[in-house]
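Here the structure is laid out as structure tokens; the discussion comes afterwards.
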Amino acid sequence: MRILAAGDHFVRPALMREAVSQELSHAGGELPEFTELTLPWPHEPFGPVAEVREASGTEDELVEALDGAAICVTQMAPFTERVFAASPGLRLVAVSRGGPVNVDLAAATRHGVRVSFAPGRNAPAAAEFAVGLTLAAMRRVAAADAELKRGVWRGDLYAYEEVGGELGGATVGLVGYGAIGRIVARVMRAFGAQVLAADPYADPEAVAADGVELVELDDLLSRSSVVSLHARLTEETHHLLDARRLGLLPPGAVLVNSARGGLLDHAPLPELLRSGALGALALDVYDVEPIPADWALRDVPNVITTPHLAGATRQTAHRAAAITAAEVGRFVRGEKLRHLANGDVLVDGGS
């Protein structure tokens, strides 16, 4: 059996190969043959490839690398209809990210290929980053740092009108309450914040057990002095926070988005920030990535920006490889996959 480790410069092919080898060695027997492909992300931005989004590399190089492979472990490779059609021996694509957005799931099902993914792989990293962005935005950390390095001592930031607030006693609203949101909630409550959550798919009993109040989104926005986004981007959640909902925020609220840029309508943000209706904005994700030179928020006050780094820790890379390898192990042993994205493949005759 041949396995293709189609990694990149974050979840490296060697990490994938080592994790899968370790997983399969527990079962004994001969280890599979590995081939490797290194995709250009993150040195080159991901983007759409044919009908899939957020992919890296080309269909041609992937088809060539898949020759003779029954399994592919990857993070960003573009698994399109064309790739599946050209790879008849392929039986499993194990994606080492929270959702297989680089895979055409319908095409995979038609060609009898199972697709797994790795939920929770970056939850600790993304949660910590969201909390860090929140603190930096509330306390003007980035602005003070930039000014000091320019030789300007911003003593005025200690003035009553300029100082930030504390998380202790604040109401923090979390839009989305999955693995990341739950960790953020735990940290925020440790600071002494009251935490609200809006998530139609959350278990109300589990949320209550966490000491978090589950509310409707509009109620959350109107009550929260800090709002952090942790929802998955779908057609339903695109521009979930539009102009109307942004208008519900209390004056001077802090808004943090480290989930997906499409959750937030960026058009109203410059005026909300300039007017003070929005006190601060912290972004790790954007409606267009990388941001263009004429980005409307580039010169707007009280904006903190980072280039999509929330999940970027070495621990995330190792967890991603380990979760993916465990799925490969289950597949090889004939066990049920724990994170199967296209269950229809079994109904439609895939082996």
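Going through the structure tokens in order, the chains are called A, B, and so on, while each chain numbers its residues from 1 and the ligands are numbered from 1 in the order shown.
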
Each range 46-139 of chain A residue no farther than 10 Å from range 250-268 of chain A, nearest pair in Å, only C-alpha atoms, as CSV:
```
residue,atom,partner,partner_atom,distance
A:Ala126,CA,A:Ser258,CA,7.5
A:Ala127,CA,A:Ser258,CA,9.0
A:Phe129,CA,A:Ser258,CA,7.9
A:Ala130,CA,A:Ser258,CA,6.2
A:Val131,CA,A:Val256,CA,9.1
A:Leu133,CA,A:Val256,CA,7.0
A:Thr134,CA,A:Val256,CA,6.4
A:Leu135,CA,A:Val254,CA,9.8
A:Ala137,CA,A:Val254,CA,7.1
A:Met138,CA,A:Val254,CA,6.8
```

Could you give me, as a Markdown table, every range 22-129 of chain A residue with an atom at most 8 Å from range 181-205 of chain A, plus its closest atom pair and distance in Å to one decimal, counting only C-alpha atoms, rows ordered by chain then number?
```
| residue | atom | partner | partner_atom | distance |
| --- | --- | --- | --- | --- |
| A:Ala123 | CA | A:Ile183 | CA | 7.7 |
| A:Pro124 | CA | A:Ile183 | CA | 7.0 |
| A:Ala127 | CA | A:Val184 | CA | 5.3 |
| A:Glu128 | CA | A:Val184 | CA | 7.2 |
```

Any chance you could export the current selection's C-alpha atoms as an mmCIF file, in the first residue's frame?
```
data_model
loop_
_atom_site.group_PDB
_atom_site.id
_atom_site.type_symbol
_atom_site.label_atom_id
_atom_site.label_comp_id
_atom_site.auth_asym_id
_atom_site.auth_seq_id
_atom_site.Cartn_x
_atom_site.Cartn_y
_atom_site.Cartn_z
ATOM 1 C CA ALA A 123 -8.583 24.700 19.402
ATOM 2 C CA PRO A 124 -6.092 25.491 22.209
ATOM 3 C CA ALA A 127 -8.493 30.102 21.834
ATOM 4 C CA GLU A 128 -5.307 31.472 23.362
#
```

Handout entry: Residue neighbourhood range 333-345 of chain A, 9 Å, only C-alpha atoms, exclusion window fewer than 5 positions, as a PyMOL selection string
Key = chain A and resi 27+99-100+105-106+108-119+326-328+350-351

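Nearest residue to Glu30 in chain A, choosing from A:Phe79, A:Arg2, A:Arg319, A:Ala125 and counting only C-alpha atoms: A:Arg2.
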
Exercise for the section: Would you list the contacts of Gly89 in chain A as a PyMOL selection string, taking every protein, DNA or RNA residue within 7 Å and counting only C-alpha atoms, but skipping same-chain residues closer than 5 positions in sequence? Expected result: chain A and resi 68-70

With all heavy atoms retained, export the selected residues as a PDB file, in the first residue's frame.
```
ATOM      1  N   GLY A  68      -0.573   5.622  -7.934  1.00  0.00           N
ATOM      2  CA  GLY A  68      -0.397   4.395  -7.163  1.00  0.00           C
ATOM      3  C   GLY A  68      -0.766   4.505  -5.701  1.00  0.00           C
ATOM      4  O   GLY A  68      -0.663   3.519  -4.963  1.00  0.00           O
ATOM      5  N   ALA A  69      -1.216   5.673  -5.225  1.00  0.00           N
ATOM      6  CA  ALA A  69      -1.514   5.851  -3.797  1.00  0.00           C
ATOM      7  C   ALA A  69      -2.950   5.443  -3.493  1.00  0.00           C
ATOM      8  O   ALA A  69      -3.884   5.778  -4.216  1.00  0.00           O
ATOM      9  CB  ALA A  69      -1.289   7.296  -3.384  1.00  0.00           C
ATOM     10  N   ALA A  70      -3.128   4.726  -2.387  1.00  0.00           N
ATOM     11  CA  ALA A  70      -4.462   4.362  -1.902  1.00  0.00           C
ATOM     12  C   ALA A  70      -4.956   5.347  -0.856  1.00  0.00           C
ATOM     13  O   ALA A  70      -6.162   5.494  -0.650  1.00  0.00           O
ATOM     14  CB  ALA A  70      -4.437   2.958  -1.308  1.00  0.00           C
TER      15      ALA A  70
END
```

Exercise for the section: Please report, as a count of residues only, each residue of range 20-176 of chain A to which DSSP assigns strand (DSSP E or B) when run on this structure's backbone. Expected result: 31

Practice task
Would you return as an MDAnalysis selection string the members of range 40-286 of chain A that DSSP assigns to alpha helix (DSSP H) on this structure's backbone?
Solution key: chainID A and resid 59:65 81:85 105:110 123:138 141:149 179:191 204:209 217:223 243:246 269:275

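If only C-alpha atoms are the atoms counted, then among A:Val288, A:Val52, A:Val93, A:Ala282 the closest residue to Ala6 in chain A is A:Val93.
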
Completion exercise
Pairwise distance, CA of Glu18 in chain A with CA of Asp104 in chain A, equals 27.0 Å

Exercise for the section: Write out as a list of chain:residue names the residues lying within 8 Å of Ala322 in chain A, counting only C-alpha atoms and excluding same-chain residues fewer than 3 positions away. Expected result: A:Met16, A:Ala19, A:Val20, A:His318, A:Arg319, A:Ala325, A:Ala326

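CA of Arg274 in chain A is positioned 28.7 Å from CA of Arg232 in chain A.
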
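The residue that comes closest to Leu281 in chain A, out of A:Arg223, A:His9, A:Arg245, A:Arg298 and on the basis of only C-alpha atoms, is A:Arg298.
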
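Shortest separation to His26 in chain A among A:Gly276, A:Gly329, A:Gly164, A:Pro13 occurs at residue A:Gly329, atoms counted being only C-alpha atoms.
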
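The interatomic distance for the pair CA of Ser87 in chain A and CA of Ile71 in chain A works out to 10.5 Å.
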